[in-house]
$ cat work09.csv   # CSV, C-alpha atoms
chain,number,residue,atom,x,y,z
A,1,MET,CA,71.9,129.3,72.2
A,2,GLY,CA,73.6,130.5,75.4
A,3,GLU,CA,71.2,128.6,77.6
A,4,ASP,CA,71.7,125.4,75.5
A,5,ARG,CA,75.4,125.6,76.0
A,6,GLY,CA,74.9,126.0,79.7
A,7,MET,CA,72.7,122.9,79.8
A,8,VAL,CA,75.5,120.8,78.2
A,9,GLN,CA,78.3,122.3,80.2
A,10,LYS,CA,81.2,119.9,80.6
A,11,LYS,CA,81.7,118.3,84.0
A,12,ILE,CA,85.1,119.2,85.4
A,13,ALA,CA,87.2,116.7,87.3
A,14,VAL,CA,90.3,117.8,89.3
A,15,VAL,CA,93.0,115.2,89.8
A,16,THR,CA,95.9,116.0,92.1
A,17,GLY,CA,99.2,114.2,91.7
A,18,ALA,CA,98.3,113.7,88.1
A,19,SER,CA,101.8,113.7,86.6
A,20,SER,CA,102.4,109.9,87.0
A,21,GLY,CA,101.1,106.7,88.4
A,22,ILE,CA,97.5,106.5,89.7
A,23,GLY,CA,96.9,110.2,89.0
A,24,ALA,CA,97.9,110.1,85.4
A,25,ALA,CA,95.9,106.8,84.9
A,26,THR,CA,92.9,108.4,86.6
A,27,ALA,CA,93.1,111.5,84.4
A,28,ARG,CA,93.1,109.3,81.2
A,29,ARG,CA,90.1,107.3,82.4
A,30,LEU,CA,88.1,110.3,83.4
A,31,VAL,CA,88.5,112.0,80.0
A,32,ALA,CA,87.2,108.7,78.5
A,33,GLU,CA,84.2,109.0,80.9
A,34,GLY,CA,83.4,112.5,79.5
A,35,TYR,CA,85.0,114.8,82.0
A,36,HIS,CA,87.1,117.8,81.3
A,37,VAL,CA,90.1,117.0,83.5
A,38,VAL,CA,92.2,119.5,85.4
A,39,ALA,CA,95.5,117.7,85.9
A,40,ALA,CA,97.3,119.1,88.8
A,41,ALA,CA,100.9,118.3,90.0
A,42,ARG,CA,104.3,119.9,90.6
A,43,ARG,CA,106.0,118.8,87.4
A,44,ALA,CA,105.0,121.0,84.5
A,45,ASP,CA,106.8,119.1,81.8
A,46,ARG,CA,104.9,115.9,82.6
A,47,LEU,CA,101.6,117.6,82.9
A,48,GLU,CA,102.0,119.3,79.5
A,49,THR,CA,102.8,115.9,77.9
A,50,LEU,CA,99.8,114.3,79.6
A,51,VAL,CA,97.4,117.1,78.6
A,52,LYS,CA,98.6,116.9,75.0
A,53,GLU,CA,97.8,113.2,75.0
A,54,LEU,CA,94.4,113.7,76.6
A,55,GLY,CA,93.1,116.6,74.6
A,56,ASP,CA,90.1,117.5,76.8
A,57,ALA,CA,92.2,118.6,79.8
A,58,THR,CA,93.9,121.5,81.4
A,59,ALA,CA,97.3,121.4,83.2
A,60,VAL,CA,97.8,123.4,86.4
A,61,VAL,CA,101.1,123.3,88.2
A,62,CYS,CA,100.2,122.8,91.9
A,63,ASP,CA,102.1,121.8,95.1
A,64,VAL,CA,99.5,120.6,97.6
A,65,THR,CA,101.8,121.5,100.5
A,66,SER,CA,101.5,125.2,99.6
A,67,ASP,CA,98.5,127.3,100.5
A,68,GLU,CA,99.3,129.8,97.8
A,69,SER,CA,99.7,127.1,95.1
A,70,VAL,CA,96.4,125.4,96.1
A,71,ALA,CA,94.6,128.8,96.0
A,72,ALA,CA,95.9,129.4,92.5
A,73,LEU,CA,94.6,125.9,91.5
A,74,ALA,CA,91.1,126.8,92.8
A,75,THR,CA,91.2,130.1,90.8
A,76,ALA,CA,92.2,128.3,87.6
A,77,VAL,CA,89.5,125.7,88.1
A,78,THR,CA,86.7,128.0,88.8
A,79,ALA,CA,87.6,130.1,85.8
A,80,LEU,CA,86.9,127.2,83.4
A,81,ASP,CA,83.6,126.9,81.6
A,82,GLY,CA,81.8,124.0,83.3
A,83,LYS,CA,80.7,122.6,86.7
A,84,VAL,CA,83.3,121.3,89.1
A,85,ALA,CA,81.7,117.8,89.6
A,86,LEU,CA,84.6,115.7,90.9
A,87,LEU,CA,87.7,116.1,93.0
A,88,VAL,CA,90.2,113.3,93.2
A,89,ASN,CA,92.6,113.8,96.1
A,90,ASN,CA,95.4,111.6,94.8
A,91,ALA,CA,98.6,113.5,95.7
A,92,GLY,CA,100.5,111.7,98.4
A,93,GLY,CA,103.4,109.6,99.1
A,94,ALA,CA,105.7,107.8,101.6
A,95,ARG,CA,109.3,108.3,102.7
A,96,GLY,CA,111.5,105.7,104.3
A,97,LEU,CA,110.9,102.5,106.3
A,98,ASP,CA,112.5,103.6,109.5
A,99,PRO,CA,111.3,102.2,112.8
A,100,VAL,CA,109.7,104.6,115.3
A,101,ALA,CA,112.8,104.7,117.5
A,102,THR,CA,114.9,106.1,114.7
A,103,GLY,CA,112.4,107.6,112.3
A,104,SER,CA,113.1,110.9,110.6
A,105,VAL,CA,110.9,113.7,112.0
A,106,ASP,CA,111.3,115.6,108.7
A,107,ASP,CA,110.0,112.6,106.8
A,108,TRP,CA,107.0,112.3,109.1
A,109,LYS,CA,106.3,116.0,108.6
A,110,TRP,CA,106.5,115.7,104.9
A,111,MET,CA,104.2,112.7,104.8
A,112,TYR,CA,101.6,114.4,107.0
A,113,ASP,CA,101.8,117.6,105.0
A,114,VAL,CA,101.3,116.0,101.6
A,115,ASN,CA,98.9,113.2,102.5
A,116,ALA,CA,96.7,114.8,105.3
A,117,LEU,CA,97.1,118.5,105.0
A,118,GLY,CA,97.4,118.4,101.2
A,119,THR,CA,94.0,116.7,101.1
A,120,LEU,CA,92.7,119.3,103.5
A,121,ARG,CA,93.9,122.3,101.5
A,122,VAL,CA,92.6,121.1,98.1
A,123,THR,CA,89.3,120.0,99.5
A,124,GLN,CA,88.7,123.3,101.3
A,125,ALA,CA,89.6,125.2,98.2
A,126,LEU,CA,87.3,123.4,95.9
A,127,LEU,CA,84.4,122.5,98.2
A,128,PRO,CA,82.4,125.6,97.4
A,129,ALA,CA,82.5,124.9,93.7
A,130,LEU,CA,81.7,121.2,94.2
A,131,GLU,CA,78.6,122.1,96.3
A,132,ALA,CA,77.5,124.8,93.8
A,133,SER,CA,77.6,122.2,91.1
A,134,GLY,CA,74.6,120.5,92.7
A,135,ALA,CA,76.1,117.1,92.3
A,136,GLY,CA,79.7,117.0,93.5
A,137,THR,CA,81.9,114.1,94.5
A,138,VAL,CA,85.2,114.1,96.5
A,139,VAL,CA,87.2,110.9,96.1
A,140,THR,CA,90.3,110.6,98.2
A,141,ILE,CA,93.0,107.9,97.5
A,142,GLY,CA,94.1,106.6,100.8
A,143,SER,CA,95.8,103.3,101.5
A,144,THR,CA,95.3,100.1,103.5
A,145,ALA,CA,97.8,101.8,105.8
A,146,ALA,CA,94.9,104.0,106.8
A,147,PHE,CA,93.6,101.2,109.0
A,148,THR,CA,96.5,98.7,109.3
A,149,VAL,CA,99.9,99.4,110.8
A,150,TYR,CA,103.1,97.5,110.0
A,151,GLU,CA,106.8,97.6,111.1
A,152,GLY,CA,108.7,100.4,109.4
A,153,GLY,CA,105.5,102.1,108.2
A,154,ALA,CA,104.5,104.2,111.2
A,155,GLY,CA,105.0,107.6,109.6
A,156,TYR,CA,103.0,106.7,106.5
A,157,ALA,CA,100.3,104.9,108.4
A,158,ALA,CA,100.0,107.8,110.8
A,159,ALA,CA,99.5,110.2,107.9
A,160,LYS,CA,97.0,107.9,106.2
A,161,HIS,CA,95.1,107.4,109.4
A,162,ALA,CA,94.9,111.2,109.7
A,163,GLN,CA,93.7,111.4,106.1
A,164,THR,CA,90.9,108.8,106.6
A,165,ALA,CA,89.8,110.6,109.8
A,166,LEU,CA,89.5,113.8,107.7
A,167,VAL,CA,87.4,112.0,105.0
A,168,GLY,CA,85.1,110.4,107.5
A,169,THR,CA,84.5,113.6,109.4
A,170,LEU,CA,83.9,115.5,106.1
A,171,ARG,CA,81.2,113.0,105.1
A,172,LEU,CA,79.4,113.6,108.4
A,173,GLU,CA,79.7,117.4,108.1
A,174,LEU,CA,78.4,117.4,104.5
A,175,ALA,CA,75.3,115.3,105.3
A,176,GLY,CA,72.3,116.9,103.6
A,177,LYS,CA,74.5,118.7,101.0
A,178,PRO,CA,74.9,117.6,97.4
A,179,VAL,CA,78.4,116.3,97.7
A,180,ARG,CA,79.4,112.7,98.1
A,181,VAL,CA,82.6,111.7,100.0
A,182,VAL,CA,84.4,108.6,98.9
A,183,GLU,CA,87.6,106.9,100.1
A,184,ILE,CA,89.5,104.4,98.0
A,185,ASP,CA,92.1,102.4,100.0
A,186,PRO,CA,94.5,100.4,97.7
A,187,GLY,CA,96.9,97.7,98.9
A,188,MET,CA,99.9,96.8,96.8
A,189,VAL,CA,99.9,98.9,93.6
A,190,HIS,CA,103.0,98.6,91.3
A,191,THR,CA,103.6,102.1,89.9
A,192,GLU,CA,106.8,103.5,88.5
A,193,GLU,CA,107.6,105.9,91.3
A,194,PHE,CA,105.9,105.2,94.6
A,195,SER,CA,108.4,102.7,96.1
A,196,LEU,CA,111.3,104.3,94.3
A,197,LYS,CA,110.6,107.7,95.9
A,198,ARG,CA,110.0,106.0,99.3
A,199,LEU,CA,113.2,103.9,99.3
A,200,GLY,CA,115.4,106.0,97.0
A,201,ASP,CA,116.9,102.9,95.3
A,202,GLN,CA,115.6,101.1,92.3
A,203,ALA,CA,116.7,97.6,93.5
A,204,LYS,CA,115.0,98.1,96.8
A,205,ALA,CA,111.9,99.4,95.1
A,206,ASP,CA,111.8,96.4,92.8
A,207,SER,CA,112.1,94.0,95.8
A,208,VAL,CA,108.8,95.3,97.1
A,209,TYR,CA,107.0,93.6,94.2
A,210,ALA,CA,109.5,90.7,93.7
A,211,GLY,CA,107.7,87.4,93.1
A,212,VAL,CA,104.2,88.9,93.2
A,213,LYS,CA,102.6,87.6,90.1
A,214,GLU,CA,100.0,90.3,89.6
A,215,PRO,CA,100.1,93.3,91.9
A,216,LEU,CA,97.6,96.0,91.2
A,217,VAL,CA,98.5,98.7,88.6
A,218,ALA,CA,97.5,102.3,88.3
A,219,ASP,CA,94.8,101.5,85.8
A,220,ASP,CA,93.1,99.3,88.3
A,221,ILE,CA,92.7,102.2,90.8
A,222,ALA,CA,91.6,104.5,88.0
A,223,ASP,CA,88.9,102.0,87.2
A,224,CYS,CA,87.7,102.2,90.8
A,225,VAL,CA,87.7,106.0,90.7
A,226,ALA,CA,85.6,106.0,87.5
A,227,TRP,CA,83.2,103.4,89.0
A,228,VAL,CA,82.5,105.3,92.2
A,229,ALA,CA,82.2,108.6,90.4
A,230,THR,CA,79.7,107.4,87.9
A,231,ARG,CA,77.3,105.7,90.3
A,232,PRO,CA,73.9,107.5,90.5
A,233,GLN,CA,74.4,110.6,92.7
A,234,HIS,CA,72.3,109.2,95.6
A,235,VAL,CA,74.8,106.3,95.8
A,236,ASN,CA,77.8,107.0,98.0
A,237,ILE,CA,80.6,104.4,98.2
A,238,ASP,CA,81.9,105.3,101.7
A,239,ARG,CA,85.1,103.2,101.5
A,240,LEU,CA,86.4,100.9,98.8
A,241,VAL,CA,89.3,98.6,99.9
A,242,VAL,CA,91.1,97.0,96.9
A,243,ARG,CA,94.0,94.6,97.0
A,244,PRO,CA,95.6,92.2,94.5
A,245,ILE,CA,94.5,88.6,95.0
A,246,ALA,CA,98.1,87.9,96.0
A,247,GLN,CA,97.8,90.2,99.0
A,248,ALA,CA,95.4,88.9,101.6
A,249,ALA,CA,96.6,91.4,104.2
A,250,GLN,CA,99.6,93.8,104.8
A,251,HIS,CA,101.6,90.9,106.2
A,252,LYS,CA,100.2,88.1,103.9
A,253,VAL,CA,101.6,88.4,100.4
A,254,VAL,CA,102.0,85.4,98.1
A,255,ARG,CA,105.3,85.5,96.3
A,256,GLU,CA,106.5,83.0,93.7
A,257,GLN,CA,110.0,81.7,93.7
A,258,ILE,CA,112.2,83.7,91.4

$ encode --input "work09.csv" --output "structure tokens"
Amino acid sequence: MGEDRGMVQKKIAVVTGASSGIGAATARRLVAEGYHVVAAARRADRLETLVKELGDATAVVCDVTSDESVAALATAVTALDGKVALLVNNAGGARGLDPVATGSVDDWKWMYDVNALGTLRVTQALLPALEASGAGTVVTIGSTAAFTVYEGGAGYAAAKHAQTALVGTLRLELAGKPVRVVEIDPGMVHTEEFSLKRLGDQAKADSVYAGVKEPLVADDIADCVAWVATRPQHVNIDRLVVRPIAQAAQHKVVREQI
């Protein structure tokens, strides 16, 4: 009986930044795909609510900017009964729209720490378990800012450029090992918190999406995560760029009159 249980071990998926937005939507979708989801984020109350909703999930409070917190996440994940098959590096964010000439160094440091170094910390911590699974996948949620700059976005674009460099290098370094490395780069995604946290004002946050008939939503990106993760293991989607039809480029967005 013990061997039978081992053969049907649940696949474990770890999702960072899971307390809201793309992370929460991804956690929901991956449970529906049959994964046991480890939902990791800083806000314990939101995680507990999410895990109660999901059922087949575990909440782990984690700050990806803390070495100790990430180490505790890895300990909690590897203690679970199952194989760590999927890591979704979703935790990230932006602060401000200042030009380079007057940009806040503290904001730049935070963006680099959460987007680039946070991805580094969590990936390093879980890579041994992903490799040991025999069929692991690392999915990192980047941004179109990872390859396109725009006025007021230098700090965020710099952090996302660093993140995409990390992902591309990791793929090269893992060649020959049983771990896929995937990058998903969304354009305009309307979530409840991203622009609000960036701009600190609800009216300013709402203006980002003003007149855009159908921006992407969190479920659209969760769908992309599920798709890349459920391809046959020999299929690696190196980079998936996804935008709403209203956004042809960073600087080309169709807005209706309102």

$ closest_residue --input "work09.csv" --among "A:Ile141, A:Val114, A:Ala79, A:Leu87" --to "Leu126 of chain A" --atoms "only C-alpha atoms"
A:Leu87

$ residues_around --input "work09.csv" --residues "segment 238-250 of chain A" --least-positions-apart "2" --cutoff "7 Å" --atoms "all atoms listed in the file" --output "list in words"
Val181, Val182, Glu183, Ile184, Asp185, Pro186, Gly187, Met188, Val212, Glu214, Pro215, Leu216, Asn236, Lys252, Val253 and Val254 of chain A

$ residues_around --input "work09.csv" --residues "Val70 of chain A" --least-positions-apart "6" --cutoff "9 Å" --atoms "all atoms listed in the file" --output "PyMOL selection string"
chain A and resi 62-64+118+121-122+125

$ residues_around --input "work09.csv" --residues "Gly23 of chain A" --least-positions-apart "5" --cutoff "8 Å" --atoms "all atoms listed in the file" --output "list in words"
Val15, Thr16, Gly17, Ala18, Asn90, Ala91, Ala218 and Ala222 of chain A

$ residues_around --input "work09.csv" --residues "Gly168 of chain A" --least-positions-apart "4" --cutoff "12 Å" --atoms "all atoms listed in the file" --output "list of chain:residue names"
A:Val138, A:Val139, A:Thr140, A:Gly142, A:Ala146, A:His161, A:Ala162, A:Gln163, A:Thr164, A:Leu172, A:Glu173, A:Leu174, A:Ala175, A:Arg180, A:Val181, A:Val182, A:Glu183, A:Ile237, A:Asp238, A:Arg239

$ residues_around --input "work09.csv" --residues "Ala57 of chain A" --least-positions-apart "2" --cutoff "8 Å" --atoms "only C-alpha atoms" --output "list in words"
Val31, His36, Val37, Val38, Ala39, Val51, Leu54, Gly55 and Ala59 of chain A

$ closest_residue --input "work09.csv" --among "A:Ala44, A:Ala132, A:Gly93, A:Asp56" --to "Arg29 of chain A" --atoms "only C-alpha atoms"
A:Asp56

$ build_atoms --input "work09.csv" --residues "segment 93-116 of chain A" --atoms "N, CA, C and O atoms" --output "PDB file, keeping the file's coordinate frame"
ATOM      1  N   GLY A  93     102.193 110.286  99.261  1.00  0.00           N
ATOM      2  CA  GLY A  93     103.400 109.600  99.100  1.00  0.00           C
ATOM      3  C   GLY A  93     104.005 109.147 100.478  1.00  0.00           C
ATOM      4  O   GLY A  93     103.484 109.505 101.536  1.00  0.00           O
ATOM      5  N   ALA A  94     105.067 108.356 100.408  1.00  0.00           N
ATOM      6  CA  ALA A  94     105.700 107.800 101.600  1.00  0.00           C
ATOM      7  C   ALA A  94     107.224 108.090 101.505  1.00  0.00           C
ATOM      8  O   ALA A  94     107.782 108.180 100.410  1.00  0.00           O
ATOM      9  N   ARG A  95     107.848 108.201 102.660  1.00  0.00           N
ATOM     10  CA  ARG A  95     109.300 108.300 102.700  1.00  0.00           C
ATOM     11  C   ARG A  95     109.847 107.397 103.785  1.00  0.00           C
ATOM     12  O   ARG A  95     109.475 107.489 104.956  1.00  0.00           O
ATOM     13  N   GLY A  96     110.720 106.505 103.368  1.00  0.00           N
ATOM     14  CA  GLY A  96     111.500 105.700 104.300  1.00  0.00           C
ATOM     15  C   GLY A  96     110.667 104.524 104.897  1.00  0.00           C
ATOM     16  O   GLY A  96     109.450 104.419 104.765  1.00  0.00           O
ATOM     17  N   LEU A  97     111.428 103.626 105.535  1.00  0.00           N
ATOM     18  CA  LEU A  97     110.900 102.500 106.300  1.00  0.00           C
ATOM     19  C   LEU A  97     111.517 102.387 107.649  1.00  0.00           C
ATOM     20  O   LEU A  97     111.750 101.302 108.159  1.00  0.00           O
ATOM     21  N   ASP A  98     111.798 103.547 108.236  1.00  0.00           N
ATOM     22  CA  ASP A  98     112.500 103.600 109.500  1.00  0.00           C
ATOM     23  C   ASP A  98     111.542 103.162 110.645  1.00  0.00           C
ATOM     24  O   ASP A  98     110.350 103.483 110.620  1.00  0.00           O
ATOM     25  N   PRO A  99     112.073 102.476 111.656  1.00  0.00           N
ATOM     26  CA  PRO A  99     111.300 102.200 112.800  1.00  0.00           C
ATOM     27  C   PRO A  99     110.986 103.491 113.617  1.00  0.00           C
ATOM     28  O   PRO A  99     111.671 104.504 113.427  1.00  0.00           O
ATOM     29  N   VAL A 100     110.003 103.441 114.487  1.00  0.00           N
ATOM     30  CA  VAL A 100     109.700 104.600 115.300  1.00  0.00           C
ATOM     31  C   VAL A 100     110.854 105.151 116.052  1.00  0.00           C
ATOM     32  O   VAL A 100     111.084 106.364 116.135  1.00  0.00           O
ATOM     33  N   ALA A 101     111.643 104.254 116.605  1.00  0.00           N
ATOM     34  CA  ALA A 101     112.800 104.700 117.500  1.00  0.00           C
ATOM     35  C   ALA A 101     113.782 105.534 116.762  1.00  0.00           C
ATOM     36  O   ALA A 101     114.435 106.375 117.388  1.00  0.00           O
ATOM     37  N   THR A 102     113.926 105.353 115.444  1.00  0.00           N
ATOM     38  CA  THR A 102     114.900 106.100 114.700  1.00  0.00           C
ATOM     39  C   THR A 102     114.360 106.858 113.516  1.00  0.00           C
ATOM     40  O   THR A 102     115.094 107.323 112.647  1.00  0.00           O
ATOM     41  N   GLY A 103     113.056 106.974 113.448  1.00  0.00           N
ATOM     42  CA  GLY A 103     112.400 107.600 112.300  1.00  0.00           C
ATOM     43  C   GLY A 103     112.754 109.075 112.160  1.00  0.00           C
ATOM     44  O   GLY A 103     112.970 109.786 113.146  1.00  0.00           O
ATOM     45  N   SER A 104     112.783 109.523 110.922  1.00  0.00           N
ATOM     46  CA  SER A 104     113.100 110.900 110.600  1.00  0.00           C
ATOM     47  C   SER A 104     111.874 111.797 110.853  1.00  0.00           C
ATOM     48  O   SER A 104     110.840 111.607 110.214  1.00  0.00           O
ATOM     49  N   VAL A 105     112.004 112.765 111.745  1.00  0.00           N
ATOM     50  CA  VAL A 105     110.900 113.700 112.000  1.00  0.00           C
ATOM     51  C   VAL A 105     110.564 114.482 110.728  1.00  0.00           C
ATOM     52  O   VAL A 105     109.395 114.749 110.425  1.00  0.00           O
ATOM     53  N   ASP A 106     111.586 114.840 109.960  1.00  0.00           N
ATOM     54  CA  ASP A 106     111.300 115.600 108.700  1.00  0.00           C
ATOM     55  C   ASP A 106     110.534 114.741 107.731  1.00  0.00           C
ATOM     56  O   ASP A 106     109.655 115.267 107.043  1.00  0.00           O
ATOM     57  N   ASP A 107     110.818 113.447 107.649  1.00  0.00           N
ATOM     58  CA  ASP A 107     110.000 112.600 106.800  1.00  0.00           C
ATOM     59  C   ASP A 107     108.590 112.488 107.246  1.00  0.00           C
ATOM     60  O   ASP A 107     107.654 112.519 106.436  1.00  0.00           O
ATOM     61  N   TRP A 108     108.404 112.379 108.550  1.00  0.00           N
ATOM     62  CA  TRP A 108     107.000 112.300 109.100  1.00  0.00           C
ATOM     63  C   TRP A 108     106.297 113.626 108.769  1.00  0.00           C
ATOM     64  O   TRP A 108     105.127 113.593 108.371  1.00  0.00           O
ATOM     65  N   LYS A 109     106.957 114.759 108.937  1.00  0.00           N
ATOM     66  CA  LYS A 109     106.300 116.000 108.600  1.00  0.00           C
ATOM     67  C   LYS A 109     105.913 116.109 107.161  1.00  0.00           C
ATOM     68  O   LYS A 109     104.810 116.567 106.836  1.00  0.00           O
ATOM     69  N   TRP A 110     106.814 115.679 106.281  1.00  0.00           N
ATOM     70  CA  TRP A 110     106.500 115.700 104.900  1.00  0.00           C
ATOM     71  C   TRP A 110     105.301 114.815 104.538  1.00  0.00           C
ATOM     72  O   TRP A 110     104.382 115.208 103.803  1.00  0.00           O
ATOM     73  N   MET A 111     105.285 113.597 105.089  1.00  0.00           N
ATOM     74  CA  MET A 111     104.200 112.700 104.800  1.00  0.00           C
ATOM     75  C   MET A 111     102.857 113.204 105.332  1.00  0.00           C
ATOM     76  O   MET A 111     101.820 113.070 104.669  1.00  0.00           O
ATOM     77  N   TYR A 112     102.881 113.813 106.497  1.00  0.00           N
ATOM     78  CA  TYR A 112     101.600 114.400 107.000  1.00  0.00           C
ATOM     79  C   TYR A 112     101.194 115.562 106.183  1.00  0.00           C
ATOM     80  O   TYR A 112     100.001 115.709 105.884  1.00  0.00           O
ATOM     81  N   ASP A 113     102.132 116.378 105.756  1.00  0.00           N
ATOM     82  CA  ASP A 113     101.800 117.600 105.000  1.00  0.00           C
ATOM     83  C   ASP A 113     101.189 117.208 103.629  1.00  0.00           C
ATOM     84  O   ASP A 113     100.165 117.743 103.224  1.00  0.00           O
ATOM     85  N   VAL A 114     101.810 116.276 102.923  1.00  0.00           N
ATOM     86  CA  VAL A 114     101.300 116.000 101.600  1.00  0.00           C
ATOM     87  C   VAL A 114     100.081 115.094 101.597  1.00  0.00           C
ATOM     88  O   VAL A 114      99.163 115.290 100.792  1.00  0.00           O
ATOM     89  N   ASN A 115      99.999 114.145 102.524  1.00  0.00           N
ATOM     90  CA  ASN A 115      98.900 113.200 102.500  1.00  0.00           C
ATOM     91  C   ASN A 115      97.634 113.817 103.249  1.00  0.00           C
ATOM     92  O   ASN A 115      96.537 113.832 102.689  1.00  0.00           O
ATOM     93  N   ALA A 116      97.820 114.296 104.468  1.00  0.00           N
ATOM     94  CA  ALA A 116      96.700 114.800 105.300  1.00  0.00           C
ATOM     95  C   ALA A 116      96.382 116.258 104.984  1.00  0.00           C
ATOM     96  O   ALA A 116      95.267 116.610 104.588  1.00  0.00           O
TER      97      ALA A 116
END
